[in-house]
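Note: the block below is work_13.cif and it holds mmCIF, C-alpha atoms.
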```
data_coords
loop_
_atom_site.label_atom_id
_atom_site.label_comp_id
_atom_site.auth_asym_id
_atom_site.auth_seq_id
_atom_site.Cartn_x
_atom_site.Cartn_y
_atom_site.Cartn_z
CA MET A 217 104.27 119.41 96.17
CA PHE A 218 104.75 117.14 99.19
CA PHE A 219 107.91 116.84 101.25
CA TYR A 220 109.36 113.62 102.60
CA LEU A 221 111.72 112.70 105.40
CA SER A 222 114.41 110.28 104.32
CA PHE A 223 118.02 109.41 105.04
CA LEU A 224 120.91 111.06 103.24
CA ARG A 225 123.14 108.90 105.41
CA PRO A 226 121.06 105.86 106.41
CA PRO A 227 121.46 103.88 109.63
CA PRO A 228 123.47 100.65 109.58
CA THR A 229 121.95 97.25 109.00
CA HIS A 230 123.71 95.89 112.10
CA ALA A 231 124.80 97.55 115.36
CA PHE A 232 126.16 96.51 118.77
CA PRO A 233 123.62 96.82 121.62
CA SER A 234 126.39 98.33 123.75
CA ALA A 235 127.27 101.02 121.19
CA GLY A 236 125.03 103.64 122.80
CA THR A 237 124.35 105.51 119.54
CA ILE A 238 124.27 105.15 115.78
CA SER A 239 124.94 107.91 113.28
CA ILE A 240 122.56 109.17 110.55
CA THR A 241 122.01 112.21 108.34
CA PRO A 242 118.33 113.04 107.80
CA GLN A 243 117.02 114.48 104.54
CA VAL A 244 113.93 116.59 103.81
CA ALA A 245 113.08 116.88 100.12
CA ASN A 246 110.46 116.31 97.44
CA ASP A 247 109.39 112.86 96.21
CA LEU A 248 112.40 112.44 93.89
CA ARG A 249 114.80 113.96 96.49
CA THR A 250 115.85 116.59 93.93
CA GLU A 251 114.49 119.68 95.74
CA PRO A 252 115.42 120.09 99.43
CA PHE A 253 112.99 121.71 101.84
CA ASP A 254 113.68 125.45 102.00
CA GLY A 255 113.17 126.25 105.66
CA GLU A 256 113.57 124.97 109.20
CA LEU A 257 111.95 121.79 110.45
CA GLU A 258 112.07 120.08 113.83
CA ILE A 259 112.83 116.37 113.50
CA TYR A 260 111.96 113.75 116.11
CA TYR A 261 113.06 110.14 116.33
CA ALA A 262 111.51 107.01 117.80
CA TRP A 263 112.09 103.26 117.63
CA SER A 264 109.62 100.66 116.40
CA PRO A 265 110.21 97.04 117.48
CA VAL A 266 110.16 94.57 114.60
CA THR A 267 107.32 92.05 114.75
CA PRO A 268 107.02 88.91 112.57
CA ARG A 269 104.24 90.47 110.47
CA LEU A 270 102.52 93.85 110.28
CA ASP A 271 99.05 93.69 111.85
CA PRO A 272 96.89 95.43 109.23
CA ASN A 273 94.37 96.56 111.87
CA THR A 274 96.67 97.97 114.57
CA PHE A 275 98.84 101.08 114.77
CA PRO A 276 102.50 99.97 114.58
CA ALA A 277 104.05 100.49 118.02
CA THR A 278 106.88 102.95 118.68
CA THR A 279 108.74 104.40 121.62
CA LYS A 280 107.92 107.98 122.66
CA PRO A 281 109.30 110.41 120.04
CA GLN A 282 112.31 112.46 121.13
CA LYS A 283 113.61 115.62 119.49
CA LEU A 284 116.62 114.91 117.31
CA THR A 285 117.53 118.13 115.53
CA VAL A 286 116.29 121.17 113.63
CA TRP A 287 116.80 120.57 109.92
CA ARG A 288 118.17 123.42 107.80
CA GLN A 289 119.85 123.38 104.42
CA SER A 290 122.95 124.79 106.10
CA ASN A 291 123.36 121.59 108.16
CA ALA A 292 121.90 119.19 105.60
CA TYR A 293 125.05 117.05 105.45
CA LYS A 294 125.75 116.90 109.18
CA ALA A 295 125.97 113.45 110.79
CA ILE A 296 123.78 113.20 113.91
CA PRO A 297 124.06 110.60 116.70
CA VAL A 298 120.85 108.78 117.66
CA SER A 299 120.49 107.03 121.02
CA LEU A 300 119.68 103.31 120.76
CA PRO A 301 116.30 101.91 121.85
CA PRO A 302 115.89 101.91 125.66
CA GLY A 303 116.92 98.53 127.05
CA VAL A 304 117.80 97.05 123.65
CA ARG A 305 119.04 93.47 123.98
CA ASP A 306 121.20 91.18 121.94
CA GLY A 307 119.21 89.61 119.09
CA GLN A 308 116.48 92.28 118.89
CA SER A 309 115.63 94.30 115.78
CA TYR A 310 114.13 97.78 115.52
CA ARG A 311 113.18 100.27 112.84
CA LEU A 312 114.35 103.86 113.29
CA VAL A 313 111.47 106.33 112.85
CA LEU A 314 111.87 109.99 111.86
CA THR A 315 108.91 112.39 112.14
CA THR A 316 108.32 116.14 112.25
CA HIS A 317 106.11 116.17 115.35
CA ALA A 318 105.46 114.07 118.45
CA ILE A 319 101.65 114.21 118.71
CA GLY A 320 99.38 111.17 118.30
CA HIS A 321 100.78 108.67 115.80
CA PRO A 322 103.30 110.84 113.92
CA HIS A 323 104.91 107.87 112.14
CA VAL A 324 101.72 107.06 110.18
CA ILE A 325 100.57 108.80 106.98
CA ASN A 326 96.77 109.03 107.15
CA LEU A 327 95.32 108.60 103.66
CA ALA A 328 91.84 109.24 105.09
CA SER A 329 92.77 112.75 106.21
CA PRO A 330 91.69 115.71 104.05
CA SER A 331 94.93 117.42 105.11
CA VAL A 332 97.25 114.62 103.97
CA GLY A 333 100.52 116.14 102.79
CA GLU A 334 100.33 119.32 104.85
CA ARG A 335 103.03 117.88 107.12
CA THR A 336 106.29 116.41 105.88
CA PHE A 337 105.85 112.66 105.55
CA PRO A 338 107.58 110.46 108.18
CA VAL A 339 109.97 107.64 107.35
CA LEU A 340 111.09 104.34 108.85
CA SER A 341 114.37 102.58 108.27
CA VAL A 342 114.33 98.92 107.37
CA PRO A 343 115.06 96.72 110.43
CA ILE A 344 118.35 97.25 112.24
CA SER A 345 119.68 94.07 113.86
CA PHE A 346 121.33 94.56 117.25
CA SER A 347 123.88 91.86 117.95
CA SER A 348 127.14 91.65 119.90
CA ARG A 349 128.41 89.15 117.33
CA GLY A 350 129.92 89.94 113.97
CA ARG A 351 130.73 93.40 112.67
CA THR A 352 128.66 96.53 112.91
CA GLY A 353 127.82 98.53 109.77
CA GLY A 354 126.33 97.65 106.40
CA LYS A 355 124.56 100.33 104.36
CA GLN A 356 120.78 100.34 104.21
CA GLU A 357 119.49 100.89 100.69
CA GLN A 358 115.74 100.91 101.38
CA ILE A 359 113.26 102.81 103.54
CA GLU A 360 109.66 102.20 104.59
CA ARG A 361 106.53 104.25 105.20
CA VAL A 362 103.32 103.31 107.01
CA PHE A 363 99.94 104.43 105.66
CA ARG A 364 96.54 104.39 107.35
CA ILE A 365 93.62 103.45 105.08
CA GLY A 366 90.20 104.47 106.37
CA LEU A 367 87.74 101.69 105.53
CA GLY A 368 84.63 103.19 107.10
CA PRO A 369 83.42 105.05 110.20
CA LYS A 370 84.98 102.54 112.62
CA GLU A 371 87.28 100.50 110.40
CA GLN A 372 90.89 101.06 109.41
CA ALA A 373 93.88 99.22 108.03
CA PHE A 374 97.61 99.89 107.88
CA MET A 375 99.89 99.40 104.92
CA MET A 376 103.70 99.38 104.96
CA LEU A 377 105.46 100.27 101.72
CA ARG A 378 109.14 99.83 101.00
CA GLU A 379 111.08 102.19 98.70
CA GLN A 380 114.62 102.27 97.34
CA THR A 381 116.95 105.07 98.47
CA SER A 382 118.60 105.05 95.02
CA PHE A 383 117.39 107.37 92.26
CA ASP A 384 115.36 104.64 90.52
CA LEU A 385 112.13 106.37 89.46
CA ASP A 386 110.05 103.20 89.61
CA LYS A 387 111.02 102.41 93.21
CA LYS A 388 109.76 105.47 95.08
CA VAL A 389 106.41 106.70 96.36
CA TRP A 390 105.45 109.74 94.27
CA ASP A 391 103.12 112.63 95.14
CA SER A 392 100.34 111.61 92.77
CA GLY A 393 100.38 108.05 94.08
CA ILE A 394 99.63 109.33 97.56
CA GLY A 395 97.10 111.86 96.25
CA LEU A 396 95.22 109.31 94.14
CA SER A 397 95.26 106.73 96.96
CA SER A 398 93.81 109.32 99.35
CA TRP A 399 91.13 110.19 96.80
CA LEU A 400 90.18 106.51 96.43
CA VAL A 401 89.76 106.28 100.21
CA SER A 402 87.36 109.23 100.16
CA LEU A 403 85.57 107.80 97.10
CA ALA A 404 84.94 104.52 98.94
CA THR A 405 83.89 106.04 102.27
CA GLU A 406 82.18 109.33 101.43
CA GLU A 407 79.29 109.95 99.06
CA LEU A 408 78.48 113.58 98.28
CA SER A 409 75.01 114.72 97.22
CA ASP A 410 76.37 117.01 94.49
CA GLU A 411 79.13 114.82 93.08
CA PRO A 412 79.40 114.41 89.29
CA GLU A 413 77.61 111.46 87.73
CA HIS A 414 80.83 109.89 86.45
CA VAL A 415 82.23 109.84 90.01
CA THR A 416 79.14 107.99 91.23
CA SER A 417 79.47 105.55 88.32
CA LEU A 418 83.13 104.96 89.13
CA ARG A 419 82.31 104.17 92.77
CA LYS A 420 79.73 101.61 91.68
CA VAL A 421 82.20 99.98 89.29
CA LEU A 422 85.14 99.83 91.71
CA PHE A 423 83.36 98.90 94.92
CA THR A 424 80.85 96.39 93.64
CA ARG A 425 80.18 92.84 94.77
CA GLU A 426 80.07 91.88 91.11
CA ARG A 427 83.04 90.88 88.95
CA ARG A 428 85.50 93.72 88.52
CA ASN A 429 88.74 93.81 86.49
CA VAL A 430 91.24 96.62 87.07
CA VAL A 431 94.66 97.27 85.48
CA GLU A 432 97.15 99.79 86.85
CA LEU A 433 99.90 101.20 84.62
CA GLY A 434 103.23 102.39 85.99
CA ALA A 435 102.51 101.04 89.48
CA GLY A 436 105.96 101.69 90.99
CA THR A 437 105.78 100.69 94.66
CA GLY A 438 102.13 99.63 94.26
CA ILE A 439 100.56 102.15 96.63
CA VAL A 440 97.47 102.77 94.47
CA SER A 441 96.63 99.12 93.75
CA LEU A 442 97.30 98.11 97.36
CA THR A 443 94.99 100.84 98.64
CA LEU A 444 92.33 99.85 96.11
CA GLY A 445 92.63 96.17 97.06
CA ALA A 446 92.15 96.98 100.76
CA LEU A 447 89.09 99.12 100.00
CA CYS A 448 87.55 96.48 97.71
CA SER A 449 88.03 93.84 100.41
CA VAL A 450 85.47 95.64 102.58
CA VAL A 451 82.63 94.88 100.15
CA LYS A 452 83.69 91.20 99.81
CA PRO A 453 83.30 90.96 96.01
CA ALA A 454 82.46 87.89 93.96
CA GLN A 455 85.08 85.18 93.48
CA GLU A 456 85.84 86.51 90.01
CA GLY A 457 87.74 89.55 88.81
CA CYS A 458 91.23 90.88 89.48
CA ILE A 459 93.46 93.86 90.19
CA ILE A 460 96.53 93.65 87.94
CA THR A 461 99.31 96.11 88.84
CA THR A 462 101.95 96.57 86.14
CA ASP A 463 105.31 98.19 85.52
CA LEU A 464 108.68 97.48 83.93
CA VAL A 465 110.55 94.32 84.86
CA SER A 466 112.95 96.32 87.06
CA ALA A 467 110.07 97.35 89.36
CA ILE A 468 108.53 93.89 89.86
CA PRO A 469 110.69 92.56 92.78
CA LEU A 470 109.88 95.57 94.99
CA LEU A 471 106.26 95.56 93.86
CA GLU A 472 105.90 91.89 94.76
CA HIS A 473 107.56 92.49 98.13
CA ASN A 474 105.03 95.21 98.98
CA ILE A 475 102.11 93.01 97.94
CA GLU A 476 103.27 90.10 100.08
CA THR A 477 104.14 92.29 103.07
CA ASN A 478 100.58 93.62 103.06
CA GLY A 479 98.83 90.32 102.33
CA GLY A 480 96.62 90.70 105.42
CA LEU A 481 94.80 93.62 103.78
CA PHE A 482 93.05 91.46 101.21
CA CYS A 483 90.06 89.18 101.71
CA SER A 484 90.46 87.06 98.57
CA PRO A 485 92.55 86.58 95.40
CA THR A 486 90.18 88.94 93.58
CA THR A 487 91.25 91.87 95.77
CA LYS A 488 94.95 91.01 96.15
CA PRO A 489 96.91 92.83 93.42
CA GLN A 490 98.86 90.72 90.93
CA ALA A 491 102.23 92.13 89.82
CA LEU A 492 102.84 91.84 86.09
CA VAL A 493 105.37 93.19 83.58
CA LEU A 494 103.77 95.54 81.06
CA ASP A 495 106.20 97.55 78.94
CA TRP A 496 104.48 100.31 76.96
CA ASP A 497 107.05 99.87 74.19
CA ASP A 498 105.71 96.36 73.51
CA GLU A 499 103.02 96.48 70.86
CA ASN A 500 101.20 93.46 72.32
CA LEU A 501 99.57 93.34 75.73
CA PRO A 502 100.68 90.60 78.15
CA SER A 503 98.69 87.41 77.61
CA GLU A 504 97.28 87.65 81.17
CA VAL A 505 95.76 91.04 80.34
CA ASP A 506 94.68 90.17 76.82
CA ALA A 507 92.79 87.14 78.16
CA LEU A 508 90.63 89.19 80.56
CA ASP A 509 86.90 88.84 80.08
CA GLY A 510 86.47 92.58 79.82
CA LEU A 511 88.23 95.44 81.60
CA ASP A 512 86.38 97.86 83.90
CA VAL A 513 88.95 100.42 85.10
CA ILE A 514 92.45 101.59 84.11
CA ILE A 515 94.37 103.42 86.86
CA MET A 516 97.51 105.53 86.51
CA ALA A 517 99.44 107.89 88.79
CA ASP A 518 102.52 109.93 87.91
CA VAL A 519 102.89 108.53 84.40
CA THR A 520 102.97 111.86 82.52
CA TYR A 521 106.33 113.22 83.69
CA ASN A 522 108.18 112.12 80.52
CA THR A 523 106.65 113.44 77.29
CA ALA A 524 108.81 111.03 75.26
CA SER A 525 106.76 108.15 76.68
CA PHE A 526 103.41 109.61 75.53
CA PRO A 527 103.18 107.75 72.17
CA PRO A 528 103.74 104.25 73.66
CA LEU A 529 101.47 105.11 76.60
CA ILE A 530 98.67 106.19 74.26
CA ARG A 531 99.14 103.02 72.19
CA THR A 532 98.91 100.90 75.34
CA LEU A 533 95.79 102.73 76.50
CA SER A 534 94.24 102.28 73.07
CA SER A 535 94.80 98.52 73.29
CA LEU A 536 93.42 98.35 76.83
CA THR A 537 90.25 100.31 76.03
CA LYS A 538 89.37 97.70 73.41
CA LEU A 539 88.93 95.17 76.24
CA HIS A 540 85.39 96.44 76.77
CA ARG A 541 82.46 94.68 78.38
CA SER A 542 79.14 93.86 76.83
CA PRO A 543 76.15 95.71 78.37
CA GLU A 544 74.83 92.61 80.17
CA ASP A 545 78.20 92.10 81.92
CA SER A 546 78.67 95.73 82.96
CA THR A 547 77.65 97.42 86.22
CA ASN A 548 76.80 100.49 84.12
CA THR A 549 73.08 99.81 83.72
CA GLN A 550 72.50 102.94 81.64
CA SER A 551 74.62 101.72 78.75
CA THR A 552 73.08 100.03 75.72
CA GLY A 553 76.32 99.34 73.81
CA ASN A 554 79.73 97.89 74.60
CA VAL A 555 81.18 99.51 77.71
CA SER A 556 84.78 100.77 77.53
CA PRO A 557 86.84 100.81 80.72
CA MET A 558 86.86 103.96 82.83
CA ILE A 559 90.25 105.71 83.19
CA ILE A 560 91.59 107.31 86.39
CA LEU A 561 94.71 109.48 86.10
CA GLY A 562 96.51 111.08 89.03
CA TYR A 563 99.08 113.71 88.03
CA LYS A 564 100.61 117.02 89.10
#
```

What would you get if you wrote out this structure as structure tokens?
Amino acid sequence: MFFYLSFLRPPPTHAFPSAGTISITPQVANDLRTEPFDGELEIYYAWSPVTPRLDPNTFPATTKPQKLTVWRQSNAYKAIPVSLPPGVRDGQSYRLVLTTHAIGHPHVINLASPSVGERTFPVLSVPISFSSRGRTGGKQEQIERVFRIGLGPKEQAFMMLREQTSFDLDKKVWDSGIGLSSWLVSLATEELSDEPEHVTSLRKVLFTRERRNVVELGAGTGIVSLTLGALCSVVKPAQEGCIITTDLVSAIPLLEHNIETNGGLFCSPTTKPQALVLDWDDENLPSEVDALDGLDVIIMADVTYNTASFPPLIRTLSSLTKLHRSPEDSTNTQSTGNVSPMIILGYK
């Protein structure tokens, strides 16, 4: 189980530059914020200036991290003052960063690291506007996290994902989403001599220059499809194929926001994920999915937490696996019959 920094009491949306401090209450808990961290943890803060658009190839800048507090369950509800960014001026905007260490780039979650998840994940607030006009306050209802995607020995990209602070299950980053995304990074960048044959086949299917159609179920914030799209962009695939990332209608606005925010990760429409409503309770697949000229891979992460959803999920998977490819259209050269899509499931 991973642990995440978040805000029990978030920072304001607006603050006066002359205020000196703002007040927050940090939180350390599991992905659903239902199990608090049982121990002590040093928390540091920093400020990240807001730029017009995230540069996908550059570490997001921050001020030098400063120690904020030591988190314990006994002081979990305590409001803590945070000093404003040094020299903040009227009209500027910053994100507040919380981390558990001050070494290197502590505000970035490195999906290429084999030790991802050993440290509590950092968090960023959404932008705080500093202005001497109007009223201070306004409750933030979203947070952000920055992920590093290793694209090769000397290549990297950065992805910023937004989550809701509410208890909506489809609007948070879950453990298996991070775990599966990290595994996809290693799949794309590392080839082991003793790896199973089906893993080698999956790599060839996902990271091919040929046409490739992928559907993700229960995408949530979109972390898995966005990571996959960035990795596929490295091989510059053919101008056919798609990555369709699906969830309930309630998840689509946040999913679309995360896709557009990270548009610089993708080299073409074939690698940029497309958000689409797919409700497992609907007996028919969406027309956009049903019209695909074959399906190569189905991806899922954290979709098995609710056993009541198993029957509609199995029915949906059964419909999707019928969208197979003919042997001449498949990258699986060893097959002599119709080729069903491969299935990747991340779960805990």

Contacts of range 313-359 of chain A with range 397-418 of chain A up to 9 Å, shortest pair per row, all atoms listed in the file, as a tab-separated table:
```
residue	atom	partner	partner_atom	distance
A:Asn326	CA	A:Ser398	CA	8.3
A:Leu327	CA	A:Ser398	CA	4.6
A:Ala328	CA	A:Ser398	CA	6.1
A:Ser329	CA	A:Ser398	CA	7.7
A:Pro330	CA	A:Ser398	CA	8.2
A:Val332	CA	A:Ser398	CA	7.8
```

Output C-alpha atoms for every residue in that selection, as a JSON list (two decimals), keeping the file's coordinate frame.
```json
[["chain", "number", "residue", "atom", "x", "y", "z"],
["A", 326, "ASN", "CA", 96.77, 109.03, 107.15],
["A", 327, "LEU", "CA", 95.32, 108.60, 103.66],
["A", 328, "ALA", "CA", 91.84, 109.24, 105.09],
["A", 329, "SER", "CA", 92.77, 112.75, 106.21],
["A", 330, "PRO", "CA", 91.69, 115.71, 104.05],
["A", 332, "VAL", "CA", 97.25, 114.62, 103.97]]
```

Next item on the list: Give me, please, the distance in Å between CA of Gly333 in chain A and CA of Asn291 in chain A, quoted to one decimal.
Entry: 24.1 Å

Range 295-298 of chain A surroundings by only C-alpha atoms, 7 Å radius, close-in-sequence under 5 positions cut, as a PDB file with C-alpha atoms, in the coordinates of the input:
```pdb
ATOM      1  CA  THR A 237     124.350 105.510 119.540  1.00  0.00           C
ATOM      2  CA  ILE A 238     124.270 105.150 115.780  1.00  0.00           C
ATOM      3  CA  SER A 239     124.940 107.910 113.280  1.00  0.00           C
ATOM      4  CA  ILE A 240     122.560 109.170 110.550  1.00  0.00           C
ATOM      5  CA  THR A 241     122.010 112.210 108.340  1.00  0.00           C
TER       6      THR A 241
END
```

Notebook entry, point to check: For Val440 in chain A, which of A:Thr537, A:Glu472, A:Gly562, A:Arg378 is the closest residue, counting all atoms listed in the file?
Noted result: A:Gly562

Counting only C-alpha atoms, which residues of range 248-305 of chain A sit at most 10 Å from some atom of range 346-354 of chain A, and what is each one's closest atom pair with its distance in Å to one decimal, listed by chain and rising residue number, as a Markdown table?
```
| residue | atom | partner | partner_atom | distance |
| --- | --- | --- | --- | --- |
| A:Leu300 | CA | A:Phe346 | CA | 9.6 |
| A:Val304 | CA | A:Phe346 | CA | 7.7 |
| A:Arg305 | CA | A:Phe346 | CA | 7.2 |
```

Okay, now the selection with C-alpha atoms, as a tab-separated table (two decimals), in the coordinates of the input?
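And here is the file that came out, result_2.tsv:
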```tsv
chain	number	residue	atom	x	y	z
A	300	LEU	CA	119.68	103.31	120.76
A	304	VAL	CA	117.80	97.05	123.65
A	305	ARG	CA	119.04	93.47	123.98
```

Next item on the list: Kindly resolve the PyMOL selection byres ((chain A and resi 222) around 7) on the present coordinates and return the residues as a list in words.
Entry: Tyr220, Leu221, Phe223, Leu224, Pro242, Gln243, Val244 and Val339 of chain A

Margin query: Every residue with an atom at most 10 Å from (90.6, 95.2, 73.5) (file coordinates; only C-alpha atoms) is what I'm after, so could you write them as a list in words?
Written below: Leu501, Val505, Asp506, Ala507, Leu508, Asp509, Gly510, Leu511, Leu533, Ser534, Ser535, Leu536, Thr537, Lys538, Leu539, His540, Arg541, Ser556 and Pro557 of chain A

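For the residues A:Ala454, A:Leu444, A:Ala277, A:Leu340, ranking by smallest atom-to-atom distance to Tyr261 in chain A using all atoms listed in the file places A:Leu340 first.
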
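Interatomic distance, CA of Asp384 in chain A to CA of Thr462 in chain A: 16.3 Å.
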
Notebook entry, point to check: Care to translate the PyMOL selection byres ((chain A and resi 494) around 8) into actual residues of this file, as a PyMOL selection string?
Noted result: chain A and resi 433+462-465+492-493+495-496+498+501-502

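The residue that comes closest to Ser309 in chain A, out of A:Ala231, A:Ala292, A:Ala262, A:Met217 and on the basis of all atoms listed in the file, is A:Ala231.
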
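CA of Asn273 in chain A to CA of Leu481 in chain A spans 8.6 Å [interatomic distance, one decimal].
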
Check: Can you list what the PyMOL selection byres ((chain A and resi 439) around 12) grabs from this structure, as a ChimeraX atom specification?
Finding: /A:327,361-365,374-379,386-398,400,432,434-438,440-446,461-462,470-472,474-475,478,489,515-518

Next item on the list: Show me as a PyMOL selection string the residues that reach within 7 Å of (112.8, 103.7, 116.7), counting only C-alpha atoms and using the file's own coordinates.
Entry: chain A and resi 261-264+278-279+301+310-313

Writer output for current selection, C-alpha atoms, as a compact mmCIF listing (two decimals), in the coordinates of the input:
```
# COMPACT_ATOMS: atom_id res chain seq x y z
CA TYR A 261 113.06 110.14 116.33
CA ALA A 262 111.51 107.01 117.80
CA TRP A 263 112.09 103.26 117.63
CA SER A 264 109.62 100.66 116.40
CA THR A 278 106.88 102.95 118.68
CA THR A 279 108.74 104.40 121.62
CA PRO A 301 116.30 101.91 121.85
CA TYR A 310 114.13 97.78 115.52
CA ARG A 311 113.18 100.27 112.84
CA LEU A 312 114.35 103.86 113.29
CA VAL A 313 111.47 106.33 112.85
```

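Remark: for Ala245 in chain A, the closest of the candidate residues A:Phe218, A:Val451, A:Thr315, A:Tyr260 is A:Phe218 (distances computed over all atoms listed in the file).
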
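Minimum atom-to-atom distances from A:Thr477, A:Thr274, A:Ser484, A:Ile560 to Arg419 in chain A were compared using all atoms listed in the file, and the lowest value belongs to A:Ile560.
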
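Distance annotation: of A:Val421, A:Ala524, A:Val430, A:Cys483, the residue with the minimal separation from Lys452 in chain A is A:Cys483; atom set is only C-alpha atoms.
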
Listed atoms of range 389-395 of chain A boxed axis-aligned with 4 Å per side, centre + edges as JSON:
```
{"center_x": 101.8, "center_y": 109.7, "center_z": 95.2, "size_x": 17.3, "size_y": 13.9, "size_z": 12.8}
```

Supply range 233-248 of chain A as a compact mmCIF listing (two decimals), in the coordinates of the input, with N, CA, C and O atoms built in where the input has gaps.
```txt
# COMPACT_ATOMS: atom_id res chain seq x y z
N PRO A 233 124.53 96.29 120.59
CA PRO A 233 123.62 96.82 121.62
C PRO A 233 124.33 97.74 122.60
O PRO A 233 123.70 98.63 123.19
N SER A 234 125.63 97.54 122.79
CA SER A 234 126.39 98.33 123.75
C SER A 234 126.95 99.62 123.15
O SER A 234 127.62 100.39 123.85
N ALA A 235 126.66 99.87 121.87
CA ALA A 235 127.27 101.02 121.19
C ALA A 235 126.79 102.36 121.74
O ALA A 235 127.50 103.36 121.67
N GLY A 236 125.57 102.40 122.26
CA GLY A 236 125.03 103.64 122.80
C GLY A 236 124.34 104.50 121.77
O GLY A 236 123.23 105.00 122.00
N THR A 237 124.95 104.69 120.60
CA THR A 237 124.35 105.51 119.54
C THR A 237 124.69 104.92 118.18
O THR A 237 125.61 104.12 118.03
N ILE A 238 123.92 105.33 117.19
CA ILE A 238 124.27 105.15 115.78
C ILE A 238 124.27 106.51 115.14
O ILE A 238 123.78 107.49 115.71
N SER A 239 124.82 106.62 113.94
CA SER A 239 124.94 107.91 113.28
C SER A 239 124.12 107.92 111.99
O SER A 239 124.16 106.96 111.20
N ILE A 240 123.35 109.01 111.78
CA ILE A 240 122.56 109.17 110.55
C ILE A 240 122.66 110.62 110.08
O ILE A 240 123.09 111.49 110.83
N THR A 241 122.22 110.86 108.85
CA THR A 241 122.01 112.21 108.34
C THR A 241 120.62 112.25 107.73
O THR A 241 120.37 111.60 106.71
N PRO A 242 119.68 112.97 108.36
CA PRO A 242 118.33 113.04 107.80
C PRO A 242 118.28 113.91 106.55
O PRO A 242 119.17 114.74 106.32
N GLN A 243 117.22 113.70 105.76
CA GLN A 243 117.02 114.48 104.54
C GLN A 243 115.56 114.89 104.46
O GLN A 243 114.66 114.11 104.83
N VAL A 244 115.30 116.11 104.02
CA VAL A 244 113.93 116.59 103.81
C VAL A 244 113.88 117.14 102.39
O VAL A 244 114.55 118.13 102.07
N ALA A 245 113.10 116.49 101.53
CA ALA A 245 113.08 116.88 100.12
C ALA A 245 111.78 116.44 99.48
O ALA A 245 110.91 115.84 100.12
N ASN A 246 111.65 116.72 98.18
CA ASN A 246 110.46 116.31 97.44
C ASN A 246 110.50 114.81 97.16
O ASN A 246 111.40 114.10 97.62
N ASP A 247 109.51 114.31 96.40
CA ASP A 247 109.39 112.86 96.21
C ASP A 247 110.60 112.25 95.53
O ASP A 247 111.00 111.13 95.83
N LEU A 248 111.23 112.97 94.59
CA LEU A 248 112.40 112.44 93.89
C LEU A 248 113.71 112.82 94.57
O LEU A 248 114.79 112.48 94.07
```
